[in-house]
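K.L.:
What follows is the file work24.cif, containing mmCIF, N, CA and C atoms:
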data_protein
#
loop_
_atom_site.label_atom_id
_atom_site.label_comp_id
_atom_site.auth_asym_id
_atom_site.auth_seq_id
_atom_site.Cartn_x
_atom_site.Cartn_y
_atom_site.Cartn_z
N GLN A 752 16.26 7.02 8.70
CA GLN A 752 15.15 7.72 8.05
C GLN A 752 14.88 7.11 6.68
N ASN A 753 13.61 7.05 6.35
CA ASN A 753 13.22 6.56 5.03
C ASN A 753 13.26 7.70 4.02
N HIS A 754 13.67 7.38 2.81
CA HIS A 754 13.67 8.34 1.71
C HIS A 754 12.35 8.17 0.98
N LEU A 755 11.60 9.26 0.84
CA LEU A 755 10.26 9.21 0.27
C LEU A 755 10.18 10.05 -0.99
N ASN A 756 9.55 9.52 -2.02
CA ASN A 756 9.24 10.28 -3.24
C ASN A 756 7.74 10.41 -3.34
N LEU A 757 7.28 11.60 -3.74
CA LEU A 757 5.85 11.85 -3.95
C LEU A 757 5.62 12.25 -5.39
N VAL A 758 4.56 11.75 -5.98
CA VAL A 758 4.12 12.20 -7.31
C VAL A 758 2.94 13.13 -7.06
N VAL A 759 3.12 14.41 -7.42
CA VAL A 759 2.09 15.42 -7.18
C VAL A 759 1.65 15.97 -8.54
N VAL A 760 0.35 15.95 -8.79
CA VAL A 760 -0.21 16.46 -10.04
C VAL A 760 -1.27 17.51 -9.69
N ASN A 761 -1.13 18.71 -10.25
CA ASN A 761 -2.06 19.81 -9.94
C ASN A 761 -2.21 20.02 -8.44
N ASN A 762 -1.08 19.97 -7.74
CA ASN A 762 -1.02 20.18 -6.30
C ASN A 762 -1.75 19.09 -5.49
N VAL A 763 -1.96 17.92 -6.10
CA VAL A 763 -2.60 16.80 -5.40
C VAL A 763 -1.62 15.62 -5.37
N PRO A 764 -1.18 15.22 -4.16
CA PRO A 764 -0.28 14.06 -4.06
C PRO A 764 -1.04 12.78 -4.40
N LEU A 765 -0.56 12.04 -5.40
CA LEU A 765 -1.27 10.85 -5.86
C LEU A 765 -0.57 9.55 -5.51
N PHE A 766 0.75 9.52 -5.64
CA PHE A 766 1.50 8.28 -5.41
C PHE A 766 2.75 8.58 -4.60
N PHE A 767 3.26 7.54 -3.93
CA PHE A 767 4.50 7.67 -3.17
C PHE A 767 5.30 6.38 -3.32
N ASN A 768 6.58 6.50 -3.08
CA ASN A 768 7.39 5.29 -2.91
C ASN A 768 8.44 5.57 -1.84
N ILE A 769 8.93 4.50 -1.25
CA ILE A 769 9.93 4.59 -0.20
C ILE A 769 11.18 3.87 -0.70
N ARG A 770 12.30 4.58 -0.60
CA ARG A 770 13.57 4.09 -1.16
C ARG A 770 13.37 3.76 -2.63
N ASP A 771 13.69 2.56 -3.05
CA ASP A 771 13.53 2.17 -4.45
C ASP A 771 12.33 1.25 -4.65
N GLY A 772 11.42 1.27 -3.69
CA GLY A 772 10.24 0.39 -3.76
C GLY A 772 9.26 0.83 -4.83
N PRO A 773 8.21 0.05 -5.01
CA PRO A 773 7.21 0.38 -6.03
C PRO A 773 6.41 1.61 -5.63
N TYR A 774 5.90 2.32 -6.62
CA TYR A 774 5.00 3.44 -6.33
C TYR A 774 3.65 2.89 -5.92
N MET A 775 3.09 3.49 -4.88
CA MET A 775 1.78 3.09 -4.36
C MET A 775 0.90 4.32 -4.26
N PRO A 776 -0.43 4.16 -4.36
CA PRO A 776 -1.31 5.31 -4.23
C PRO A 776 -1.30 5.82 -2.79
N THR A 777 -1.53 7.10 -2.61
CA THR A 777 -1.72 7.62 -1.26
C THR A 777 -3.09 7.14 -0.77
N LEU A 778 -3.28 7.14 0.54
CA LEU A 778 -4.58 6.74 1.08
C LEU A 778 -5.70 7.65 0.57
N ARG A 779 -5.39 8.92 0.41
CA ARG A 779 -6.43 9.84 -0.09
C ARG A 779 -6.89 9.43 -1.50
N LEU A 780 -5.94 9.05 -2.37
CA LEU A 780 -6.31 8.57 -3.71
C LEU A 780 -7.06 7.25 -3.62
N LEU A 781 -6.60 6.36 -2.76
CA LEU A 781 -7.26 5.07 -2.58
C LEU A 781 -8.69 5.24 -2.07
N HIS A 782 -8.91 6.22 -1.20
CA HIS A 782 -10.27 6.46 -0.71
C HIS A 782 -11.18 6.95 -1.84
N GLN A 783 -10.62 7.70 -2.79
CA GLN A 783 -11.41 8.16 -3.94
C GLN A 783 -11.67 7.05 -4.94
N TYR A 784 -10.68 6.17 -5.11
CA TYR A 784 -10.76 5.08 -6.09
C TYR A 784 -10.42 3.76 -5.40
N PRO A 785 -11.35 3.23 -4.61
CA PRO A 785 -11.04 2.08 -3.75
C PRO A 785 -10.71 0.78 -4.49
N ASN A 786 -10.99 0.70 -5.77
CA ASN A 786 -10.74 -0.55 -6.49
C ASN A 786 -9.46 -0.55 -7.31
N ILE A 787 -8.55 0.40 -7.04
CA ILE A 787 -7.32 0.46 -7.84
C ILE A 787 -6.26 -0.53 -7.39
N MET A 788 -6.49 -1.20 -6.27
CA MET A 788 -5.51 -2.20 -5.83
C MET A 788 -6.19 -3.34 -5.09
N LYS A 789 -5.48 -4.45 -4.97
CA LYS A 789 -5.98 -5.62 -4.24
C LYS A 789 -6.16 -5.25 -2.77
N LYS A 790 -7.05 -5.98 -2.09
CA LYS A 790 -7.37 -5.67 -0.70
C LYS A 790 -7.19 -6.88 0.21
N PHE A 791 -6.70 -6.63 1.41
CA PHE A 791 -6.72 -7.58 2.51
C PHE A 791 -7.55 -6.90 3.60
N GLN A 792 -8.16 -7.70 4.47
CA GLN A 792 -8.92 -7.12 5.58
C GLN A 792 -8.43 -7.71 6.89
N VAL A 793 -8.17 -6.83 7.88
CA VAL A 793 -7.79 -7.28 9.21
C VAL A 793 -9.02 -7.37 10.10
N ASP A 794 -8.92 -8.18 11.15
CA ASP A 794 -10.02 -8.27 12.11
C ASP A 794 -10.04 -7.02 13.00
N ARG A 795 -11.13 -6.85 13.74
CA ARG A 795 -11.29 -5.65 14.59
C ARG A 795 -10.14 -5.47 15.57
N GLY A 796 -9.63 -6.57 16.11
CA GLY A 796 -8.56 -6.50 17.11
C GLY A 796 -7.26 -5.92 16.58
N ALA A 797 -7.06 -5.97 15.28
CA ALA A 797 -5.80 -5.48 14.69
C ALA A 797 -5.83 -3.99 14.38
N ILE A 798 -7.02 -3.39 14.35
CA ILE A 798 -7.15 -2.00 13.89
C ILE A 798 -6.24 -1.04 14.65
N LYS A 799 -6.29 -1.08 15.98
CA LYS A 799 -5.50 -0.11 16.77
C LYS A 799 -4.00 -0.28 16.54
N PHE A 800 -3.57 -1.51 16.28
CA PHE A 800 -2.14 -1.74 16.04
C PHE A 800 -1.73 -1.21 14.67
N VAL A 801 -2.56 -1.46 13.66
CA VAL A 801 -2.27 -0.95 12.31
C VAL A 801 -2.22 0.57 12.33
N LEU A 802 -3.16 1.20 13.05
CA LEU A 802 -3.21 2.67 13.12
C LEU A 802 -2.09 3.27 13.96
N SER A 803 -1.35 2.43 14.68
CA SER A 803 -0.18 2.94 15.40
C SER A 803 1.10 2.63 14.63
N GLY A 804 0.95 2.08 13.40
CA GLY A 804 2.11 1.86 12.54
C GLY A 804 2.66 0.45 12.53
N ALA A 805 2.03 -0.46 13.28
CA ALA A 805 2.53 -1.83 13.32
C ALA A 805 2.35 -2.52 11.97
N ASN A 806 3.25 -3.43 11.68
CA ASN A 806 3.08 -4.27 10.49
C ASN A 806 1.89 -5.19 10.72
N ILE A 807 1.35 -5.73 9.64
CA ILE A 807 0.15 -6.56 9.73
C ILE A 807 0.59 -8.01 9.88
N MET A 808 0.23 -8.58 11.02
CA MET A 808 0.62 -9.95 11.33
C MET A 808 -0.37 -10.93 10.68
N CYS A 809 0.13 -12.10 10.33
CA CYS A 809 -0.70 -13.11 9.67
C CYS A 809 -1.99 -13.43 10.43
N PRO A 810 -1.94 -13.66 11.77
CA PRO A 810 -3.18 -14.02 12.47
C PRO A 810 -4.27 -12.94 12.37
N GLY A 811 -3.92 -11.69 12.22
CA GLY A 811 -4.92 -10.62 12.06
C GLY A 811 -5.63 -10.68 10.72
N LEU A 812 -5.03 -11.40 9.77
CA LEU A 812 -5.63 -11.55 8.44
C LEU A 812 -6.37 -12.88 8.28
N THR A 813 -6.04 -13.86 9.12
CA THR A 813 -6.62 -15.20 8.95
C THR A 813 -7.69 -15.52 9.98
N SER A 814 -7.80 -14.73 11.04
CA SER A 814 -8.82 -14.98 12.07
C SER A 814 -10.20 -14.57 11.54
N PRO A 815 -11.28 -14.94 12.26
CA PRO A 815 -12.61 -14.48 11.83
C PRO A 815 -12.62 -12.95 11.74
N GLY A 816 -13.12 -12.42 10.66
CA GLY A 816 -13.08 -10.97 10.43
C GLY A 816 -11.99 -10.57 9.46
N GLY A 817 -10.98 -11.40 9.33
CA GLY A 817 -9.90 -11.15 8.37
C GLY A 817 -10.27 -11.74 7.01
N VAL A 818 -9.80 -11.09 5.95
CA VAL A 818 -10.08 -11.57 4.59
C VAL A 818 -8.82 -11.42 3.74
N LEU A 819 -8.49 -12.47 3.00
CA LEU A 819 -7.34 -12.44 2.09
C LEU A 819 -7.82 -12.59 0.65
N ASP A 820 -7.11 -11.98 -0.27
CA ASP A 820 -7.33 -12.20 -1.69
C ASP A 820 -6.27 -13.23 -2.10
N ASN A 821 -6.70 -14.46 -2.34
CA ASN A 821 -5.76 -15.56 -2.57
C ASN A 821 -4.90 -15.42 -3.82
N GLU A 822 -5.22 -14.46 -4.68
CA GLU A 822 -4.42 -14.25 -5.89
C GLU A 822 -3.18 -13.39 -5.63
N VAL A 823 -3.09 -12.78 -4.46
CA VAL A 823 -1.99 -11.86 -4.17
C VAL A 823 -0.70 -12.63 -3.90
N GLU A 824 0.35 -12.22 -4.59
CA GLU A 824 1.67 -12.83 -4.43
C GLU A 824 2.52 -12.01 -3.46
N GLU A 825 3.68 -12.55 -3.14
CA GLU A 825 4.66 -11.85 -2.30
C GLU A 825 5.11 -10.57 -3.00
N GLU A 826 5.45 -9.55 -2.21
CA GLU A 826 5.94 -8.26 -2.69
C GLU A 826 4.94 -7.54 -3.59
N THR A 827 3.68 -7.53 -3.15
CA THR A 827 2.60 -6.86 -3.87
C THR A 827 2.03 -5.76 -2.97
N PRO A 828 1.85 -4.54 -3.48
CA PRO A 828 1.17 -3.52 -2.69
C PRO A 828 -0.32 -3.89 -2.53
N VAL A 829 -0.84 -3.73 -1.31
CA VAL A 829 -2.25 -4.03 -1.03
C VAL A 829 -2.87 -2.96 -0.15
N ALA A 830 -4.17 -2.77 -0.32
CA ALA A 830 -4.94 -1.91 0.58
C ALA A 830 -5.28 -2.74 1.81
N ILE A 831 -5.16 -2.14 2.98
CA ILE A 831 -5.53 -2.82 4.22
C ILE A 831 -6.86 -2.25 4.69
N MET A 832 -7.89 -3.08 4.57
CA MET A 832 -9.22 -2.73 5.02
C MET A 832 -9.38 -3.25 6.45
N ALA A 833 -10.46 -2.86 7.11
CA ALA A 833 -10.70 -3.33 8.47
C ALA A 833 -12.14 -3.80 8.61
N GLU A 834 -12.30 -4.85 9.38
CA GLU A 834 -13.62 -5.41 9.64
C GLU A 834 -14.55 -4.30 10.14
N GLY A 835 -15.67 -4.12 9.47
CA GLY A 835 -16.67 -3.14 9.89
C GLY A 835 -16.40 -1.71 9.43
N LYS A 836 -15.32 -1.48 8.69
CA LYS A 836 -14.98 -0.13 8.23
C LYS A 836 -15.11 -0.05 6.71
N GLN A 837 -15.48 1.14 6.22
CA GLN A 837 -15.72 1.32 4.79
C GLN A 837 -14.45 1.62 4.00
N HIS A 838 -13.55 2.41 4.58
CA HIS A 838 -12.36 2.87 3.85
C HIS A 838 -11.10 2.16 4.34
N ALA A 839 -10.11 2.11 3.46
CA ALA A 839 -8.81 1.52 3.82
C ALA A 839 -8.18 2.31 4.96
N LEU A 840 -7.55 1.60 5.89
CA LEU A 840 -6.85 2.29 6.96
C LEU A 840 -5.35 2.29 6.75
N ALA A 841 -4.87 1.51 5.78
CA ALA A 841 -3.43 1.47 5.52
C ALA A 841 -3.17 0.93 4.11
N ILE A 842 -1.93 1.12 3.69
CA ILE A 842 -1.43 0.53 2.46
C ILE A 842 -0.16 -0.21 2.84
N GLY A 843 -0.05 -1.44 2.37
CA GLY A 843 1.11 -2.23 2.74
C GLY A 843 1.71 -2.96 1.56
N PHE A 844 2.77 -3.68 1.87
CA PHE A 844 3.55 -4.41 0.87
C PHE A 844 3.70 -5.83 1.41
N THR A 845 3.17 -6.81 0.69
CA THR A 845 3.15 -8.18 1.22
C THR A 845 4.56 -8.75 1.39
N LYS A 846 4.76 -9.42 2.51
CA LYS A 846 6.03 -10.09 2.80
C LYS A 846 6.00 -11.54 2.32
N MET A 847 4.78 -12.06 2.10
CA MET A 847 4.59 -13.42 1.59
C MET A 847 3.28 -13.45 0.83
N SER A 848 3.07 -14.50 0.06
CA SER A 848 1.83 -14.61 -0.71
C SER A 848 0.64 -14.82 0.24
N ALA A 849 -0.55 -14.56 -0.26
CA ALA A 849 -1.76 -14.78 0.53
C ALA A 849 -1.87 -16.26 0.93
N LYS A 850 -1.49 -17.15 0.04
CA LYS A 850 -1.55 -18.59 0.35
C LYS A 850 -0.59 -18.92 1.49
N ASP A 851 0.61 -18.33 1.48
CA ASP A 851 1.56 -18.56 2.57
C ASP A 851 1.08 -17.93 3.87
N ILE A 852 0.46 -16.76 3.79
CA ILE A 852 -0.10 -16.14 5.00
C ILE A 852 -1.10 -17.09 5.63
N SER A 853 -1.95 -17.72 4.81
CA SER A 853 -2.96 -18.66 5.32
C SER A 853 -2.34 -19.90 5.93
N THR A 854 -1.35 -20.47 5.26
CA THR A 854 -0.80 -21.75 5.73
C THR A 854 0.23 -21.58 6.85
N ILE A 855 1.10 -20.59 6.74
CA ILE A 855 2.12 -20.37 7.79
C ILE A 855 1.46 -19.75 9.02
N ASN A 856 0.62 -18.75 8.80
CA ASN A 856 -0.19 -18.09 9.83
C ASN A 856 0.60 -17.60 11.04
N LYS A 857 1.82 -17.15 10.84
CA LYS A 857 2.56 -16.49 11.92
C LYS A 857 3.57 -15.55 11.30
N GLY A 858 3.97 -14.55 12.07
CA GLY A 858 4.91 -13.57 11.58
C GLY A 858 4.23 -12.44 10.84
N ILE A 859 5.06 -11.61 10.19
CA ILE A 859 4.57 -10.43 9.48
C ILE A 859 4.08 -10.85 8.10
N GLY A 860 2.82 -10.53 7.80
CA GLY A 860 2.25 -10.83 6.49
C GLY A 860 2.41 -9.66 5.54
N VAL A 861 2.28 -8.44 6.10
CA VAL A 861 2.31 -7.23 5.27
C VAL A 861 3.08 -6.14 6.00
N ASP A 862 4.04 -5.51 5.32
CA ASP A 862 4.72 -4.33 5.85
C ASP A 862 3.77 -3.15 5.73
N ASN A 863 3.55 -2.44 6.82
CA ASN A 863 2.68 -1.25 6.84
C ASN A 863 3.49 -0.07 6.30
N MET A 864 3.13 0.42 5.12
CA MET A 864 3.88 1.49 4.47
C MET A 864 3.29 2.88 4.71
N HIS A 865 1.97 2.96 4.89
CA HIS A 865 1.27 4.26 5.00
C HIS A 865 -0.07 3.98 5.66
N TYR A 866 -0.36 4.70 6.76
CA TYR A 866 -1.61 4.46 7.48
C TYR A 866 -2.25 5.79 7.86
N LEU A 867 -3.53 5.73 8.17
CA LEU A 867 -4.27 6.94 8.53
C LEU A 867 -3.58 7.70 9.65
N ASN A 868 -3.40 8.98 9.48
CA ASN A 868 -2.83 9.89 10.47
C ASN A 868 -1.33 9.71 10.71
N ASP A 869 -0.63 9.02 9.81
CA ASP A 869 0.83 8.92 9.94
C ASP A 869 1.48 10.20 9.41
N GLY A 870 2.79 10.23 9.38
CA GLY A 870 3.49 11.43 8.91
C GLY A 870 3.15 11.79 7.48
N LEU A 871 3.05 10.79 6.60
CA LEU A 871 2.70 11.05 5.20
C LEU A 871 1.28 11.60 5.09
N TRP A 872 0.35 11.04 5.85
CA TRP A 872 -1.04 11.54 5.87
C TRP A 872 -1.05 13.02 6.27
N LYS A 873 -0.25 13.36 7.28
CA LYS A 873 -0.21 14.76 7.76
C LYS A 873 0.41 15.68 6.72
N VAL A 874 1.45 15.22 6.03
CA VAL A 874 2.05 16.02 4.96
C VAL A 874 1.03 16.23 3.85
N LEU A 875 0.30 15.17 3.50
CA LEU A 875 -0.70 15.26 2.44
C LEU A 875 -1.82 16.23 2.81
N SER A 876 -2.11 16.33 4.09
CA SER A 876 -3.17 17.24 4.55
C SER A 876 -2.80 18.70 4.32
N ALA A 877 -1.50 18.98 4.19
CA ALA A 877 -1.04 20.35 3.98
C ALA A 877 -1.28 20.82 2.54
N PHE A 878 -1.54 19.88 1.62
CA PHE A 878 -1.76 20.24 0.21
C PHE A 878 -3.15 20.78 0.00
#
Go through the file and emit its structure as structure tokens.
P.N.:
Amino acid sequence: QNHLNLVVVNNVPLFFNIRDGPYMPTLRLLHQYPNIMKKFQVDRGAIKFVLSGANIMCPGLTSPGGVLDNEVEEETPVAIMAEGKQHALAIGFTKMSAKDISTINKGIGVDNMHYLNDGLWKVLSAF
């Protein structure tokens, strides 16, 4: 089981972290303030996998429809956007830099930390 910390202000969950990792905004906060973090975009084919909790694989970010922010380094929290969608569908933590994701183009590019309708989303809905 993962150990989760939530930062709640005025009964509104704003940030979370897992174990000793960095604090990241909840998806609800990210939807309100979409420019508070760097963004990657997955292609349409990756959406169903991301929404089932899968980590984000490099080819889903480098194929047509995928978009990388080349300034992002390894171990950086990022918003995961989806081709054709307005709001972030997940928040992740990069396993490698955007440049490495582009050049290596295989394996896990981003650990999926929080996605729409996951356990954290459901807990946040109770607030």
K.L.:
Go through the shown structure with the PyMOL selection byres ((chain A and resi 766-773) around 6) and write out the matching residues as a list in words.
P.N.:
Asn753, His754, Leu755, Asn756, Leu757, Val758, Val759, Pro764, Leu765, Tyr774, Met775, Pro776 and Thr777 of chain A
K.L.:
Evaluate the PyMOL selection byres ((chain A and resi 849-866) around 6.5) here and jot the selected residues down as a PDB file with N, CA and C atoms, keeping the file's coordinate frame.
P.N.:
ATOM      1  N   VAL A 801      -2.560  -1.460  13.660  1.00  0.00           N
ATOM      2  CA  VAL A 801      -2.270  -0.950  12.310  1.00  0.00           C
ATOM      3  C   VAL A 801      -2.220   0.570  12.330  1.00  0.00           C
ATOM      4  N   LEU A 802      -3.160   1.200  13.050  1.00  0.00           N
ATOM      5  CA  LEU A 802      -3.210   2.670  13.120  1.00  0.00           C
ATOM      6  C   LEU A 802      -2.090   3.270  13.960  1.00  0.00           C
ATOM      7  N   GLY A 804       0.950   2.080  13.400  1.00  0.00           N
ATOM      8  CA  GLY A 804       2.110   1.860  12.540  1.00  0.00           C
ATOM      9  C   GLY A 804       2.660   0.450  12.530  1.00  0.00           C
ATOM     10  N   ALA A 805       2.030  -0.460  13.280  1.00  0.00           N
ATOM     11  CA  ALA A 805       2.530  -1.830  13.320  1.00  0.00           C
ATOM     12  C   ALA A 805       2.350  -2.520  11.970  1.00  0.00           C
ATOM     13  N   ASN A 806       3.250  -3.430  11.680  1.00  0.00           N
ATOM     14  CA  ASN A 806       3.080  -4.270  10.490  1.00  0.00           C
ATOM     15  C   ASN A 806       1.890  -5.190  10.720  1.00  0.00           C
ATOM     16  N   ILE A 807       1.350  -5.730   9.640  1.00  0.00           N
ATOM     17  CA  ILE A 807       0.150  -6.560   9.730  1.00  0.00           C
ATOM     18  C   ILE A 807       0.590  -8.010   9.880  1.00  0.00           C
ATOM     19  N   MET A 808       0.230  -8.580  11.020  1.00  0.00           N
ATOM     20  CA  MET A 808       0.620  -9.950  11.330  1.00  0.00           C
ATOM     21  C   MET A 808      -0.370 -10.930  10.680  1.00  0.00           C
ATOM     22  N   CYS A 809       0.130 -12.100  10.330  1.00  0.00           N
ATOM     23  CA  CYS A 809      -0.700 -13.110   9.670  1.00  0.00           C
ATOM     24  C   CYS A 809      -1.990 -13.430  10.430  1.00  0.00           C
ATOM     25  N   PRO A 810      -1.940 -13.660  11.770  1.00  0.00           N
ATOM     26  CA  PRO A 810      -3.180 -14.020  12.470  1.00  0.00           C
ATOM     27  C   PRO A 810      -4.270 -12.940  12.370  1.00  0.00           C
ATOM     28  N   THR A 813      -6.040 -13.860   9.120  1.00  0.00           N
ATOM     29  CA  THR A 813      -6.620 -15.200   8.950  1.00  0.00           C
ATOM     30  C   THR A 813      -7.690 -15.520   9.980  1.00  0.00           C
ATOM     31  N   LEU A 819      -8.490 -12.470   3.000  1.00  0.00           N
ATOM     32  CA  LEU A 819      -7.340 -12.440   2.090  1.00  0.00           C
ATOM     33  C   LEU A 819      -7.820 -12.590   0.650  1.00  0.00           C
ATOM     34  N   ASP A 820      -7.110 -11.980  -0.270  1.00  0.00           N
ATOM     35  CA  ASP A 820      -7.330 -12.200  -1.690  1.00  0.00           C
ATOM     36  C   ASP A 820      -6.270 -13.230  -2.100  1.00  0.00           C
ATOM     37  N   ASN A 821      -6.700 -14.460  -2.340  1.00  0.00           N
ATOM     38  CA  ASN A 821      -5.760 -15.560  -2.570  1.00  0.00           C
ATOM     39  C   ASN A 821      -4.900 -15.420  -3.820  1.00  0.00           C
ATOM     40  N   GLU A 822      -5.220 -14.460  -4.680  1.00  0.00           N
ATOM     41  CA  GLU A 822      -4.420 -14.250  -5.890  1.00  0.00           C
ATOM     42  C   GLU A 822      -3.180 -13.390  -5.630  1.00  0.00           C
ATOM     43  N   VAL A 823      -3.090 -12.780  -4.460  1.00  0.00           N
ATOM     44  CA  VAL A 823      -1.990 -11.860  -4.170  1.00  0.00           C
ATOM     45  C   VAL A 823      -0.700 -12.630  -3.900  1.00  0.00           C
ATOM     46  N   GLU A 824       0.350 -12.220  -4.590  1.00  0.00           N
ATOM     47  CA  GLU A 824       1.670 -12.830  -4.430  1.00  0.00           C
ATOM     48  C   GLU A 824       2.520 -12.010  -3.460  1.00  0.00           C
ATOM     49  N   GLU A 825       3.680 -12.550  -3.140  1.00  0.00           N
ATOM     50  CA  GLU A 825       4.660 -11.850  -2.300  1.00  0.00           C
ATOM     51  C   GLU A 825       5.110 -10.570  -3.000  1.00  0.00           C
ATOM     52  N   LEU A 840      -7.550   1.600   5.890  1.00  0.00           N
ATOM     53  CA  LEU A 840      -6.850   2.290   6.960  1.00  0.00           C
ATOM     54  C   LEU A 840      -5.350   2.290   6.750  1.00  0.00           C
ATOM     55  N   ALA A 841      -4.870   1.510   5.780  1.00  0.00           N
ATOM     56  CA  ALA A 841      -3.430   1.470   5.520  1.00  0.00           C
ATOM     57  C   ALA A 841      -3.170   0.930   4.110  1.00  0.00           C
ATOM     58  N   ILE A 842      -1.930   1.120   3.690  1.00  0.00           N
ATOM     59  CA  ILE A 842      -1.430   0.530   2.460  1.00  0.00           C
ATOM     60  C   ILE A 842      -0.160  -0.210   2.840  1.00  0.00           C
ATOM     61  N   GLY A 843      -0.050  -1.440   2.370  1.00  0.00           N
ATOM     62  CA  GLY A 843       1.110  -2.230   2.740  1.00  0.00           C
ATOM     63  C   GLY A 843       1.710  -2.960   1.560  1.00  0.00           C
ATOM     64  N   PHE A 844       2.770  -3.680   1.870  1.00  0.00           N
ATOM     65  CA  PHE A 844       3.550  -4.410   0.870  1.00  0.00           C
ATOM     66  C   PHE A 844       3.700  -5.830   1.410  1.00  0.00           C
ATOM     67  N   THR A 845       3.170  -6.810   0.690  1.00  0.00           N
ATOM     68  CA  THR A 845       3.150  -8.180   1.220  1.00  0.00           C
ATOM     69  C   THR A 845       4.560  -8.750   1.390  1.00  0.00           C
ATOM     70  N   LYS A 846       4.760  -9.420   2.510  1.00  0.00           N
ATOM     71  CA  LYS A 846       6.030 -10.090   2.800  1.00  0.00           C
ATOM     72  C   LYS A 846       6.000 -11.540   2.320  1.00  0.00           C
ATOM     73  N   MET A 847       4.780 -12.060   2.100  1.00  0.00           N
ATOM     74  CA  MET A 847       4.590 -13.420   1.590  1.00  0.00           C
ATOM     75  C   MET A 847       3.280 -13.450   0.830  1.00  0.00           C
ATOM     76  N   SER A 848       3.070 -14.500   0.060  1.00  0.00           N
ATOM     77  CA  SER A 848       1.830 -14.610  -0.710  1.00  0.00           C
ATOM     78  C   SER A 848       0.640 -14.820   0.240  1.00  0.00           C
ATOM     79  N   LEU A 867      -3.530   5.730   8.170  1.00  0.00           N
ATOM     80  CA  LEU A 867      -4.270   6.940   8.530  1.00  0.00           C
ATOM     81  C   LEU A 867      -3.580   7.700   9.650  1.00  0.00           C
ATOM     82  N   ASN A 868      -3.400   8.980   9.480  1.00  0.00           N
ATOM     83  CA  ASN A 868      -2.830   9.890  10.470  1.00  0.00           C
ATOM     84  C   ASN A 868      -1.330   9.710  10.710  1.00  0.00           C
ATOM     85  N   ASP A 869      -0.630   9.020   9.810  1.00  0.00           N
ATOM     86  CA  ASP A 869       0.830   8.920   9.940  1.00  0.00           C
ATOM     87  C   ASP A 869       1.480  10.200   9.410  1.00  0.00           C
ATOM     88  N   TRP A 872       0.350  11.040   5.850  1.00  0.00           N
ATOM     89  CA  TRP A 872      -1.040  11.540   5.870  1.00  0.00           C
ATOM     90  C   TRP A 872      -1.050  13.020   6.270  1.00  0.00           C
TER      91      TRP A 872
END
K.L.:
Nearest to Arg795 in chain A: which of A:Leu780, A:Glu834, A:Val818, A:Pro828 is it, counting only C-alpha atoms?
P.N.:
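The shortest atom-to-atom distance to Arg795 in chain A comes from A:Glu834.
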K.L.:
Would you mind reading off the distance between CA of Lys789 in chain A and CA of Ser876 in chain A, one decimal, in Å?
P.N.:
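Interatomic distance here is 24.7 Å.
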K.L.:
Between atom C of Phe878 in chain A and atom C of His838 in chain A, what is the distance in Å, rounded to a tenth?
P.N.:
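Distance between the two atoms: 20.7 Å.
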K.L.:
So that I can check the surroundings of range 835-837 of chain A, please list as JSON, numbers by chain every protein, DNA and RNA residue that reaches within 8 Å of it, counting all atoms listed in the file and ignoring chain neighbours fewer than 6 positions away.
P.N.:
{"A": [782, 793, 794, 795, 816]}
K.L.:
Hey, which of A:Leu871, A:Val763, A:Ser814, A:Ala830 ends up closest to Tyr784 in chain A? Count only C-alpha atoms.
P.N.:
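The answer is A:Ala830, which sits nearest to Tyr784 in chain A.
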K.L.:
One decimal, in Å: what's the spacing between atom C of Phe791 in chain A and atom N of Ile831 in chain A?
P.N.:
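Going from atom C of Phe791 in chain A over to atom N of Ile831 in chain A covers 5.4 Å.
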K.L.:
I need the residues of chain A that end up classed as alpha helix (DSSP H) by DSSP on the backbone, written out as a VMD selection string.
P.N.:
chain A and resid 778 to 783 798 to 801 809 to 813 849 to 855 870 to 876
K.L.:
Could you go through range 761-840 of chain A and tell me which residues DSSP, when run on the backbone, assigns to strand (DSSP E or B), listing them as a list of chain:residue names?
P.N.:
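In range 761-840 of chain A, DSSP puts these residues in strand (DSSP E or B): A:Val763, A:Pro764, A:Leu765, A:Phe766, A:Phe767, A:Asn768, A:Ile769, A:Met775, A:Pro776, A:Lys790, A:Phe791, A:Gln792, A:Val793, A:Ile807, A:Met808, A:Val818, A:Pro828, A:Val829, A:Ala830, A:Ile831, A:Met832, A:Ala833.
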